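Here the structure comes first, spelled out in structure tokens, and everything after it is commentary.
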Amino acid sequence: MDIRTIREHAFAMPFTSPAFPVGPYRFIDREFFVITYRTDPEKLRAVVPEPLEIGDSLVNYEFIRMPDSTGFGDYTESGQVIPVTLNGVAGSYTHAMYLNDHPPIAGGRELWGFPKKLARPELKVEIDTLVGELDYGPVRVATATMGYKHRTLDASEVARGLIDTPNFLLKIIPHVDGTARICELVRYYLQDVTVKGAWTGPAALSLFPHALAPVADLPVLEVVGARHLVADLTLGLGEVVFDYLA
């Protein structure tokens with residue numbers, strides 16, 4: 001295998017059988033359960049990287065069910081996304097994410113910089129209740145509930161919010177000596193979004209301390225809203241908006 005072959009075909013690890021394929025990455029019937037809650041402002045500032053800024057002390061706790069995703073298969077993820085601004089433009093910063101499938105863990109970290117770790121999230125309907133649960137090993141980390149489809153939301157308005165909102169990630173790739181070779185703030189957008197349904201209802205969220213899944217470090221002070229939606233979408237690739245090593 002010569003140098004030219006390596007340069008032309010290198011995409012992801014491992015070289016001869018990458019953990020995920022080349023995109024685009026399309027998701028069909030992607031199901032979101034998002035609870036928005038108020039947290040401690042000082043603890044929130046401590047985890048949001050400059051040059052991003054926070055406004056209200058809000059966090060979106062998410063469970064996302066992905067039954068049909070290009071190259072990644074069938075999986076579920078859960079984590080925290082923080083409303084932020086960059087240069088006055090409102091967006092979202094992904095702070096933590098836990099999922100149960102290796103290809104999107106590898107692809108999410110290597111391509112975009114998603115902060116993904118292996119865990120056991122689940123999103124399901126129990127009789128009249130939408131239920132989200134996250135276990136890290138045998139230990140419960142988060143439990144969320146919402147009344148199932150109590151009130152319908154405007155699907156077109158929800159779609160516009162998904163399309164127009166920039167999403168930010170802190171991408172870190174280490175050098176062979178253990179220092180950071182890449183340390184960048186990445187921005188990406190959701191594309192070709194079709195919202196098939198969107199609902200809200202009464203909701204509750206409990207977070208539990210865990211040394212390696214510290215979602216409870218942003219404590220729940222007040223639940224301010226919840227959304228449940230199903231959509232088809234494409235996960236757009238990113239662009240670097242700030243290089244911490246430059």
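How things are named: the first chain in the structure tokens is A, the next is B, and so on; residues count from 1 in each chain; ligands count from 1 in the order shown.
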| said: Which residues are close to Asp128 (chain A), i.e. within 12 Å by only C-alpha atoms, leaving aside same-chain residues fewer than 3 positions away? Reply as a list in words. | reply: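 Listed by chain and then number, they are Lys124, Val125, Val131, Thr145, Met146, Gly147, Tyr148, Lys149, His150, Gly201 and Pro202 of chain A.
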Keeping only all heavy atoms, take the residues you just selected and write them out as an mmCIF file, in the first residue's frame.
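What landed in part-v3.cif:
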```
data_model
loop_
_atom_site.group_PDB
_atom_site.id
_atom_site.type_symbol
_atom_site.label_atom_id
_atom_site.label_comp_id
_atom_site.auth_asym_id
_atom_site.auth_seq_id
_atom_site.Cartn_x
_atom_site.Cartn_y
_atom_site.Cartn_z
ATOM 1 N N LYS A 124 -39.301 5.298 25.280
ATOM 2 C CA LYS A 124 -40.426 4.395 25.063
ATOM 3 C C LYS A 124 -41.711 5.050 25.548
ATOM 4 O O LYS A 124 -41.695 6.098 26.218
ATOM 5 C CB LYS A 124 -40.204 3.087 25.817
ATOM 6 C CG LYS A 124 -40.013 3.271 27.326
ATOM 7 C CD LYS A 124 -39.585 1.993 28.011
ATOM 8 C CE LYS A 124 -39.325 2.237 29.500
ATOM 9 N NZ LYS A 124 -38.863 1.003 30.187
ATOM 10 N N VAL A 125 -42.842 4.419 25.223
ATOM 11 C CA VAL A 125 -44.146 4.845 25.721
ATOM 12 C C VAL A 125 -44.658 3.783 26.682
ATOM 13 O O VAL A 125 -44.715 2.597 26.334
ATOM 14 C CB VAL A 125 -45.156 5.049 24.566
ATOM 15 C CG1 VAL A 125 -46.518 5.441 25.123
ATOM 16 C CG2 VAL A 125 -44.651 6.103 23.594
ATOM 17 N N VAL A 131 -41.524 8.024 28.204
ATOM 18 C CA VAL A 131 -40.515 7.781 29.229
ATOM 19 C C VAL A 131 -39.126 7.734 28.600
ATOM 20 O O VAL A 131 -38.884 7.006 27.633
ATOM 21 C CB VAL A 131 -40.778 6.451 29.969
ATOM 22 C CG1 VAL A 131 -39.699 6.197 31.018
ATOM 23 C CG2 VAL A 131 -42.154 6.466 30.615
ATOM 24 N N THR A 145 -40.098 12.032 32.121
ATOM 25 C CA THR A 145 -41.445 11.610 31.761
ATOM 26 C C THR A 145 -42.229 12.794 31.213
ATOM 27 O O THR A 145 -41.980 13.952 31.585
ATOM 28 C CB THR A 145 -42.200 11.027 32.971
ATOM 29 O OG1 THR A 145 -42.195 11.990 34.038
ATOM 30 C CG2 THR A 145 -41.564 9.747 33.455
ATOM 31 N N MET A 146 -43.182 12.485 30.327
ATOM 32 C CA MET A 146 -44.057 13.512 29.775
ATOM 33 C C MET A 146 -45.390 12.878 29.412
ATOM 34 O O MET A 146 -45.430 11.733 28.942
ATOM 35 C CB MET A 146 -43.432 14.155 28.533
ATOM 36 C CG MET A 146 -44.223 15.328 27.968
ATOM 37 S SD MET A 146 -43.440 16.069 26.505
ATOM 38 C CE MET A 146 -44.545 15.479 25.225
ATOM 39 N N GLY A 147 -46.481 13.612 29.618
ATOM 40 C CA GLY A 147 -47.778 13.143 29.158
ATOM 41 C C GLY A 147 -47.754 12.955 27.650
ATOM 42 O O GLY A 147 -47.306 13.838 26.904
ATOM 43 N N TYR A 148 -48.218 11.799 27.180
ATOM 44 C CA TYR A 148 -48.053 11.428 25.772
ATOM 45 C C TYR A 148 -49.019 12.196 24.867
ATOM 46 O O TYR A 148 -50.242 12.045 24.970
ATOM 47 C CB TYR A 148 -48.265 9.920 25.607
ATOM 48 C CG TYR A 148 -47.959 9.405 24.226
ATOM 49 C CD1 TYR A 148 -46.670 9.427 23.728
ATOM 50 C CD2 TYR A 148 -48.964 8.898 23.417
ATOM 51 C CE1 TYR A 148 -46.379 8.954 22.461
ATOM 52 C CE2 TYR A 148 -48.687 8.412 22.149
ATOM 53 C CZ TYR A 148 -47.389 8.450 21.676
ATOM 54 O OH TYR A 148 -47.114 7.975 20.414
ATOM 55 N N LYS A 149 -48.454 13.059 24.013
ATOM 56 C CA LYS A 149 -49.202 13.789 22.983
ATOM 57 C C LYS A 149 -50.409 14.535 23.554
ATOM 58 O O LYS A 149 -51.520 14.464 23.015
ATOM 59 C CB LYS A 149 -49.639 12.840 21.869
ATOM 60 C CG LYS A 149 -48.484 12.223 21.089
ATOM 61 C CD LYS A 149 -48.981 11.401 19.911
ATOM 62 C CE LYS A 149 -47.804 10.842 19.117
ATOM 63 N NZ LYS A 149 -48.241 10.051 17.943
ATOM 64 N N HIS A 150 -50.175 15.278 24.628
ATOM 65 C CA HIS A 150 -51.275 16.016 25.245
ATOM 66 C C HIS A 150 -51.735 17.189 24.381
ATOM 67 O O HIS A 150 -52.924 17.444 24.247
ATOM 68 C CB HIS A 150 -50.853 16.513 26.635
ATOM 69 C CG HIS A 150 -51.037 15.484 27.699
ATOM 70 N ND1 HIS A 150 -51.425 15.790 28.983
ATOM 71 C CD2 HIS A 150 -50.883 14.125 27.669
ATOM 72 C CE1 HIS A 150 -51.511 14.682 29.708
ATOM 73 N NE2 HIS A 150 -51.172 13.661 28.932
ATOM 74 N N GLY A 201 -46.602 18.561 26.674
ATOM 75 C CA GLY A 201 -47.419 18.077 27.766
ATOM 76 C C GLY A 201 -46.703 18.272 29.082
ATOM 77 O O GLY A 201 -45.572 18.758 29.120
ATOM 78 N N PRO A 202 -47.335 17.905 30.201
ATOM 79 C CA PRO A 202 -46.670 18.005 31.500
ATOM 80 C C PRO A 202 -45.453 17.089 31.537
ATOM 81 O O PRO A 202 -45.474 15.987 30.983
ATOM 82 C CB PRO A 202 -47.744 17.552 32.486
ATOM 83 C CG PRO A 202 -48.672 16.705 31.671
ATOM 84 C CD PRO A 202 -48.678 17.296 30.302
#
```
Can you pull out the residues contacting Ile64 (chain A)? Cut-off 10 Å, using only C-alpha atoms, and skip same-chain residues under 5 positions away; I want them as a ChimeraX atom specification.
/A:30-34,75-79,99,121-123,132,228-230
Mind writing the picked residues with all heavy atoms as a tab-separated table (two decimals), in the first residue's frame?
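Here's the written file selection.tsv:
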```tsv
chain	number	residue	atom	x	y	z
A	30	ARG	N	-36.73	10.09	13.12
A	30	ARG	CA	-35.94	10.43	14.31
A	30	ARG	C	-36.87	11.04	15.36
A	30	ARG	O	-37.55	12.02	15.11
A	30	ARG	CB	-34.84	11.42	13.92
A	30	ARG	CG	-33.70	11.54	14.91
A	30	ARG	CD	-32.70	12.56	14.39
A	30	ARG	NE	-31.35	12.26	14.80
A	30	ARG	CZ	-30.51	13.18	15.30
A	30	ARG	NH1	-30.90	14.42	15.42
A	30	ARG	NH2	-29.29	12.84	15.64
A	31	GLU	N	-36.88	10.45	16.54
A	31	GLU	CA	-37.82	10.85	17.59
A	31	GLU	C	-37.08	11.56	18.71
A	31	GLU	O	-36.13	11.02	19.29
A	31	GLU	CB	-38.54	9.61	18.13
A	31	GLU	CG	-39.61	9.91	19.15
A	31	GLU	CD	-40.35	8.67	19.60
A	31	GLU	OE1	-39.86	7.55	19.31
A	31	GLU	OE2	-41.41	8.80	20.25
A	32	PHE	N	-37.52	12.78	19.02
A	32	PHE	CA	-36.91	13.61	20.05
A	32	PHE	C	-37.85	13.74	21.25
A	32	PHE	O	-39.05	13.96	21.08
A	32	PHE	CB	-36.65	15.03	19.55
A	32	PHE	CG	-35.69	15.17	18.41
A	32	PHE	CD1	-36.10	14.90	17.11
A	32	PHE	CD2	-34.40	15.62	18.61
A	32	PHE	CE1	-35.24	15.08	16.04
A	32	PHE	CE2	-33.53	15.80	17.55
A	32	PHE	CZ	-33.95	15.52	16.26
A	33	PHE	N	-37.29	13.64	22.44
A	33	PHE	CA	-37.98	14.00	23.68
A	33	PHE	C	-37.05	14.96	24.41
A	33	PHE	O	-35.97	14.58	24.84
A	33	PHE	CB	-38.27	12.76	24.50
A	33	PHE	CG	-38.86	13.02	25.87
A	33	PHE	CD1	-39.56	14.18	26.16
A	33	PHE	CD2	-38.74	12.06	26.88
A	33	PHE	CE1	-40.10	14.41	27.42
A	33	PHE	CE2	-39.29	12.27	28.14
A	33	PHE	CZ	-39.96	13.44	28.40
A	34	VAL	N	-37.47	16.23	24.51
A	34	VAL	CA	-36.60	17.28	25.05
A	34	VAL	C	-37.30	17.97	26.20
A	34	VAL	O	-38.40	18.51	26.04
A	34	VAL	CB	-36.25	18.31	23.95
A	34	VAL	CG1	-35.30	19.36	24.52
A	34	VAL	CG2	-35.65	17.64	22.73
A	75	TYR	N	-30.32	3.09	16.91
A	75	TYR	CA	-29.76	3.35	18.24
A	75	TYR	C	-30.53	4.48	18.92
A	75	TYR	O	-31.42	5.12	18.35
A	75	TYR	CB	-28.27	3.69	18.15
A	75	TYR	CG	-27.93	4.98	17.44
A	75	TYR	CD1	-27.56	6.12	18.15
A	75	TYR	CD2	-27.93	5.06	16.05
A	75	TYR	CE1	-27.22	7.30	17.50
A	75	TYR	CE2	-27.58	6.23	15.40
A	75	TYR	CZ	-27.24	7.34	16.13
A	75	TYR	OH	-26.90	8.51	15.48
A	76	THR	N	-30.17	4.72	20.18
A	76	THR	CA	-30.78	5.75	21.01
A	76	THR	C	-29.67	6.52	21.71
A	76	THR	O	-28.62	5.96	22.03
A	76	THR	CB	-31.72	5.13	22.06
A	76	THR	OG1	-32.68	4.32	21.39
A	76	THR	CG2	-32.44	6.20	22.87
A	77	GLU	N	-29.89	7.82	21.91
A	77	GLU	CA	-28.91	8.61	22.66
A	77	GLU	C	-29.61	9.57	23.61
A	77	GLU	O	-30.83	9.81	23.51
A	77	GLU	CB	-27.96	9.36	21.73
A	77	GLU	CG	-28.57	10.45	20.89
A	77	GLU	CD	-27.56	11.04	19.91
A	77	GLU	OE1	-26.56	10.37	19.59
A	77	GLU	OE2	-27.79	12.17	19.47
A	78	SER	N	-28.83	10.10	24.55
A	78	SER	CA	-29.38	10.98	25.57
A	78	SER	C	-28.27	11.93	26.02
A	78	SER	O	-27.09	11.56	26.04
A	78	SER	CB	-29.88	10.16	26.76
A	78	SER	OG	-30.36	11.00	27.79
A	79	GLY	N	-28.67	13.15	26.38
A	79	GLY	CA	-27.66	14.08	26.85
A	79	GLY	C	-28.18	15.48	27.04
A	79	GLY	O	-29.39	15.73	27.02
A	99	LEU	N	-24.81	7.17	24.32
A	99	LEU	CA	-25.54	6.34	23.37
A	99	LEU	C	-25.04	4.91	23.39
A	99	LEU	O	-24.03	4.58	24.02
A	99	LEU	CB	-25.48	6.92	21.96
A	99	LEU	CG	-24.10	7.15	21.32
A	99	LEU	CD1	-24.23	7.19	19.81
A	99	LEU	CD2	-23.51	8.48	21.78
A	121	PRO	N	-29.19	4.39	26.98
A	121	PRO	CA	-30.41	5.19	27.01
A	121	PRO	C	-31.59	4.43	26.40
A	121	PRO	O	-31.40	3.51	25.58
A	121	PRO	CB	-30.05	6.40	26.15
A	121	PRO	CG	-29.04	5.86	25.18
A	121	PRO	CD	-28.31	4.74	25.87
A	122	GLU	N	-32.80	4.81	26.78
A	122	GLU	CA	-34.00	4.20	26.23
A	122	GLU	C	-35.11	5.24	26.16
A	122	GLU	O	-35.27	6.06	27.08
A	122	GLU	CB	-34.45	3.02	27.09
A	122	GLU	CG	-35.61	2.24	26.51
A	122	GLU	CD	-35.98	1.01	27.32
A	122	GLU	OE1	-35.46	0.87	28.46
A	122	GLU	OE2	-36.78	0.18	26.84
A	123	LEU	N	-35.86	5.23	25.08
A	123	LEU	CA	-37.03	6.09	24.91
A	123	LEU	C	-38.21	5.20	24.52
A	123	LEU	O	-38.13	4.44	23.55
A	123	LEU	CB	-36.77	7.14	23.83
A	123	LEU	CG	-37.91	8.11	23.53
A	123	LEU	CD1	-38.33	8.87	24.77
A	123	LEU	CD2	-37.52	9.06	22.41
A	132	GLY	N	-38.20	8.50	29.16
A	132	GLY	CA	-36.80	8.44	28.79
A	132	GLY	C	-35.97	8.02	29.98
A	132	GLY	O	-36.16	8.56	31.09
A	228	HIS	N	-41.97	16.77	22.28
A	228	HIS	CA	-41.84	15.44	21.70
A	228	HIS	C	-42.09	15.60	20.21
A	228	HIS	O	-43.12	16.15	19.81
A	228	HIS	CB	-42.86	14.50	22.34
A	228	HIS	CG	-42.91	13.14	21.73
A	228	HIS	ND1	-44.08	12.39	21.67
A	228	HIS	CD2	-41.95	12.38	21.13
A	228	HIS	CE1	-43.83	11.23	21.08
A	228	HIS	NE2	-42.55	11.20	20.74
A	229	LEU	N	-41.16	15.16	19.37
A	229	LEU	CA	-41.35	15.32	17.94
A	229	LEU	C	-40.73	14.18	17.17
A	229	LEU	O	-39.81	13.50	17.65
A	229	LEU	CB	-40.80	16.66	17.45
A	229	LEU	CG	-39.33	16.95	17.70
A	229	LEU	CD1	-38.58	17.11	16.40
A	229	LEU	CD2	-39.19	18.23	18.51
A	230	VAL	N	-41.25	13.97	15.97
A	230	VAL	CA	-40.73	12.96	15.05
A	230	VAL	C	-40.41	13.66	13.74
A	230	VAL	O	-41.24	14.43	13.21
A	230	VAL	CB	-41.76	11.83	14.82
A	230	VAL	CG1	-41.23	10.82	13.80
A	230	VAL	CG2	-42.09	11.14	16.13
```
Gly113 (chain A): which residues within 7 Å, counting only C-alpha atoms, same-chain residues fewer than 6 positions away excluded, as an mmCIF file with all heavy atoms, in the first residue's frame?
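This is the output file result-v7.cif:
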```cif
data_model
loop_
_atom_site.group_PDB
_atom_site.id
_atom_site.type_symbol
_atom_site.label_atom_id
_atom_site.label_comp_id
_atom_site.auth_asym_id
_atom_site.auth_seq_id
_atom_site.Cartn_x
_atom_site.Cartn_y
_atom_site.Cartn_z
ATOM 1 N N LEU A 169 -20.099 22.499 18.830
ATOM 2 C CA LEU A 169 -19.405 21.390 19.476
ATOM 3 C C LEU A 169 -17.962 21.793 19.752
ATOM 4 O O LEU A 169 -17.367 22.565 18.984
ATOM 5 C CB LEU A 169 -19.405 20.158 18.570
ATOM 6 C CG LEU A 169 -20.772 19.629 18.149
ATOM 7 C CD1 LEU A 169 -20.627 18.764 16.898
ATOM 8 C CD2 LEU A 169 -21.410 18.841 19.279
ATOM 9 N N LEU A 170 -17.398 21.263 20.814
ATOM 10 C CA LEU A 170 -15.982 21.439 21.107
ATOM 11 C C LEU A 170 -15.258 20.161 20.678
ATOM 12 O O LEU A 170 -15.335 19.140 21.359
ATOM 13 C CB LEU A 170 -15.767 21.713 22.592
ATOM 14 C CG LEU A 170 -14.324 21.932 23.046
ATOM 15 C CD1 LEU A 170 -13.674 23.084 22.290
ATOM 16 C CD2 LEU A 170 -14.282 22.180 24.558
ATOM 17 N N LYS A 171 -14.582 20.235 19.531
ATOM 18 C CA LYS A 171 -13.915 19.056 18.966
ATOM 19 C C LYS A 171 -12.470 19.009 19.434
ATOM 20 O O LYS A 171 -11.701 19.950 19.226
ATOM 21 C CB LYS A 171 -13.965 19.089 17.436
ATOM 22 C CG LYS A 171 -13.306 17.881 16.790
ATOM 23 C CD LYS A 171 -13.459 17.889 15.273
ATOM 24 C CE LYS A 171 -12.836 16.645 14.659
ATOM 25 N NZ LYS A 171 -13.012 16.603 13.189
ATOM 26 N N ILE A 172 -12.090 17.878 20.045
ATOM 27 C CA ILE A 172 -10.723 17.685 20.541
ATOM 28 C C ILE A 172 -10.199 16.353 20.023
ATOM 29 O O ILE A 172 -10.806 15.311 20.263
ATOM 30 C CB ILE A 172 -10.680 17.696 22.079
ATOM 31 C CG1 ILE A 172 -11.269 19.001 22.633
ATOM 32 C CG2 ILE A 172 -9.249 17.511 22.578
ATOM 33 C CD1 ILE A 172 -11.500 18.979 24.126
#
```
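For the choices A:Met97, A:Leu245, A:Ala211, A:Ala226, the atom-to-atom distance to Val139 (chain A) is smallest for A:Ala211 when using only C-alpha atoms.
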Exercise. Write out as JSON, numbers by chain all residues of region 38-232 of chain A that backbone DSSP assigns to helix (DSSP H, G or I).
Key: {"A": [41, 42, 43, 44, 45, 102, 103, 104, 105, 106, 107, 108, 109, 110, 111, 112, 155, 156, 157, 158, 159, 160, 161, 162, 163, 164, 215, 216, 217]}
Next, write the just-selected residues to a file, as a PDB file, in the first residue's frame, keeping C-alpha atoms as the atom set.
```pdb
ATOM      1  CA  PRO A  41     -25.993  29.819  36.338  1.00  0.00           C
ATOM      2  CA  GLU A  42     -22.489  29.572  37.809  1.00  0.00           C
ATOM      3  CA  LYS A  43     -22.267  25.858  37.079  1.00  0.00           C
ATOM      4  CA  LEU A  44     -23.555  26.480  33.559  1.00  0.00           C
ATOM      5  CA  ARG A  45     -20.938  29.164  32.847  1.00  0.00           C
ATOM      6  CA  HIS A 102     -20.300   2.221  18.344  1.00  0.00           C
ATOM      7  CA  PRO A 103     -20.415   3.633  14.748  1.00  0.00           C
ATOM      8  CA  PRO A 104     -22.155   6.904  15.740  1.00  0.00           C
ATOM      9  CA  ILE A 105     -19.851   7.204  18.758  1.00  0.00           C
ATOM     10  CA  ALA A 106     -16.797   6.928  16.496  1.00  0.00           C
ATOM     11  CA  GLY A 107     -18.269   9.022  13.690  1.00  0.00           C
ATOM     12  CA  GLY A 108     -19.724  11.635  15.981  1.00  0.00           C
ATOM     13  CA  ARG A 109     -16.426  12.188  17.781  1.00  0.00           C
ATOM     14  CA  GLU A 110     -14.126  11.979  14.752  1.00  0.00           C
ATOM     15  CA  LEU A 111     -16.148  13.996  12.226  1.00  0.00           C
ATOM     16  CA  TRP A 112     -18.009  16.635  14.222  1.00  0.00           C
ATOM     17  CA  ALA A 155     -44.876  21.339  13.004  1.00  0.00           C
ATOM     18  CA  SER A 156     -43.768  24.029  10.524  1.00  0.00           C
ATOM     19  CA  GLU A 157     -42.596  26.295  13.346  1.00  0.00           C
ATOM     20  CA  VAL A 158     -40.710  23.414  14.971  1.00  0.00           C
ATOM     21  CA  ALA A 159     -39.074  22.590  11.613  1.00  0.00           C
ATOM     22  CA  ARG A 160     -37.939  26.197  11.128  1.00  0.00           C
ATOM     23  CA  GLY A 161     -36.362  26.139  14.580  1.00  0.00           C
ATOM     24  CA  LEU A 162     -34.426  22.955  13.771  1.00  0.00           C
ATOM     25  CA  ILE A 163     -33.238  24.262  10.392  1.00  0.00           C
ATOM     26  CA  ASP A 164     -32.320  27.804  11.452  1.00  0.00           C
ATOM     27  CA  VAL A 215     -25.288  15.111  34.064  1.00  0.00           C
ATOM     28  CA  ALA A 216     -26.462  15.958  37.610  1.00  0.00           C
ATOM     29  CA  ASP A 217     -23.657  18.540  37.848  1.00  0.00           C
TER      30      ASP A 217
END
```
- Item | Exercise: Phe11 (chain A) partners within 12 Å, only C-alpha atoms, chain neighbours under 2 positions left out, as a PyMOL selection string | chain A and resi 5-9+13-23+107+110-111
One number please: CA of Gly197 (chain A) to CA of Asp232 (chain A), in Å, one decimal.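 Taking CA of Gly197 (chain A) and CA of Asp232 (chain A), their separation equals 10.5 Å.
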Counting only C-alpha atoms, which residue out of A:Leu153, A:Ala213, A:Leu52, A:Leu58 sits closest to Ala198 (chain A)?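 Checking each of A:Leu153, A:Ala213, A:Leu52, A:Leu58 against Ala198 (chain A), counting only C-alpha atoms, the winner is A:Leu153.
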Selection: 7 Å around Ser206 (chain A), only C-alpha atoms, excl. self and same-chain fewer than 5 positions, as an mmCIF file with N, CA, C and O atoms, in the first residue's frame:
```cif
data_model
loop_
_atom_site.group_PDB
_atom_site.id
_atom_site.type_symbol
_atom_site.label_atom_id
_atom_site.label_comp_id
_atom_site.auth_asym_id
_atom_site.auth_seq_id
_atom_site.Cartn_x
_atom_site.Cartn_y
_atom_site.Cartn_z
ATOM 1 N N ALA A 142 -30.480 9.219 34.600
ATOM 2 C CA ALA A 142 -31.536 10.193 34.308
ATOM 3 C C ALA A 142 -32.855 9.475 34.041
ATOM 4 O O ALA A 142 -32.875 8.402 33.432
ATOM 5 N N THR A 143 -33.943 10.088 34.488
ATOM 6 C CA THR A 143 -35.290 9.626 34.183
ATOM 7 C C THR A 143 -36.142 10.839 33.817
ATOM 8 O O THR A 143 -36.179 11.824 34.565
ATOM 9 N N ALA A 144 -36.819 10.763 32.661
ATOM 10 C CA ALA A 144 -37.682 11.850 32.201
ATOM 11 C C ALA A 144 -39.040 11.285 31.820
ATOM 12 O O ALA A 144 -39.131 10.178 31.275
#
```
| query | Can you list, as a list in words, every residue of region 13-65 of chain A that DSSP puts in strand (DSSP E or B)? | reply |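 Of region 13-65 of chain A, only Tyr25, Arg26, Phe27, Ile28, Asp29, Arg30, Glu31, Phe32, Phe33, Val34, Ile35, Thr36, Tyr37, Arg38, Glu53, Leu58, Val59, Asn60, Tyr61, Glu62, Phe63, Ile64 and Arg65 of chain A fall in strand (DSSP E or B).
When CA of Phe242 (chain A) is paired with CA of Tyr37 (chain A), their separation reads 28.2 Å.
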Check your understanding: Any idea what's packed within 9 Å of Thr70 (chain A), counting only C-alpha atoms, ignoring anything in its chain fewer than 4 positions away? Could you give it as a ChimeraX atom specification?
Key -> /A:21,23-28
One residue among A:Gly137, A:Gly91, A:Pro174, A:Pro209 is nearest to Arg187 (chain A) when using only C-alpha atoms, and that residue is A:Gly91
Name the closest residue to Thr165 (chain A) among the candidates A:Val47, A:Ile35, A:Tyr189, A:Phe208; distances are taken between atoms, counting only C-alpha atoms.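 Going through A:Val47, A:Ile35, A:Tyr189, A:Phe208 one by one, the smallest distance to Thr165 (chain A) is for A:Tyr189.
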Residue neighbourhood Val59 (chain A), 8 Å, only C-alpha atoms, exclusion window fewer than 2 positions, as an mmCIF file with N, CA and C atoms, in the first residue's frame:
```
data_model
loop_
_atom_site.group_PDB
_atom_site.id
_atom_site.type_symbol
_atom_site.label_atom_id
_atom_site.label_comp_id
_atom_site.auth_asym_id
_atom_site.auth_seq_id
_atom_site.Cartn_x
_atom_site.Cartn_y
_atom_site.Cartn_z
ATOM 1 N N THR A 36 -36.797 21.078 28.786
ATOM 2 C CA THR A 36 -36.030 22.288 29.073
ATOM 3 C C THR A 36 -36.166 22.619 30.551
ATOM 4 N N TYR A 37 -35.008 22.822 31.205
ATOM 5 C CA TYR A 37 -35.045 23.122 32.639
ATOM 6 C C TYR A 37 -34.068 24.237 32.982
ATOM 7 N N ARG A 38 -34.336 24.865 34.113
ATOM 8 C CA ARG A 38 -33.468 25.929 34.622
ATOM 9 C C ARG A 38 -32.462 25.317 35.595
ATOM 10 N N THR A 39 -31.203 25.813 35.513
ATOM 11 C CA THR A 39 -30.147 25.257 36.356
ATOM 12 C C THR A 39 -29.353 26.374 37.026
ATOM 13 N N SER A 57 -30.392 30.698 32.272
ATOM 14 C CA SER A 57 -29.704 29.508 32.778
ATOM 15 C C SER A 57 -30.498 28.256 32.433
ATOM 16 N N TYR A 61 -32.509 18.821 28.214
ATOM 17 C CA TYR A 61 -32.143 17.417 28.389
ATOM 18 C C TYR A 61 -32.874 16.610 27.332
ATOM 19 N N GLN A 80 -27.249 16.428 27.233
ATOM 20 C CA GLN A 80 -27.578 17.811 27.559
ATOM 21 C C GLN A 80 -27.102 18.760 26.469
ATOM 22 N N VAL A 81 -27.999 19.639 26.051
ATOM 23 C CA VAL A 81 -27.714 20.650 25.041
ATOM 24 C C VAL A 81 -28.080 22.006 25.636
ATOM 25 N N ILE A 82 -27.164 22.962 25.535
ATOM 26 C CA ILE A 82 -27.304 24.233 26.233
ATOM 27 C C ILE A 82 -27.578 25.359 25.238
ATOM 28 N N PRO A 83 -28.643 26.141 25.424
ATOM 29 C CA PRO A 83 -28.868 27.319 24.582
ATOM 30 C C PRO A 83 -27.746 28.345 24.775
#
```
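Of the listed residues A:Ala96, A:Ala203, A:Ile173, A:Leu86, the one whose atoms come nearest to Glu222 (chain A) is A:Ala203, with distances taken using only C-alpha atoms.
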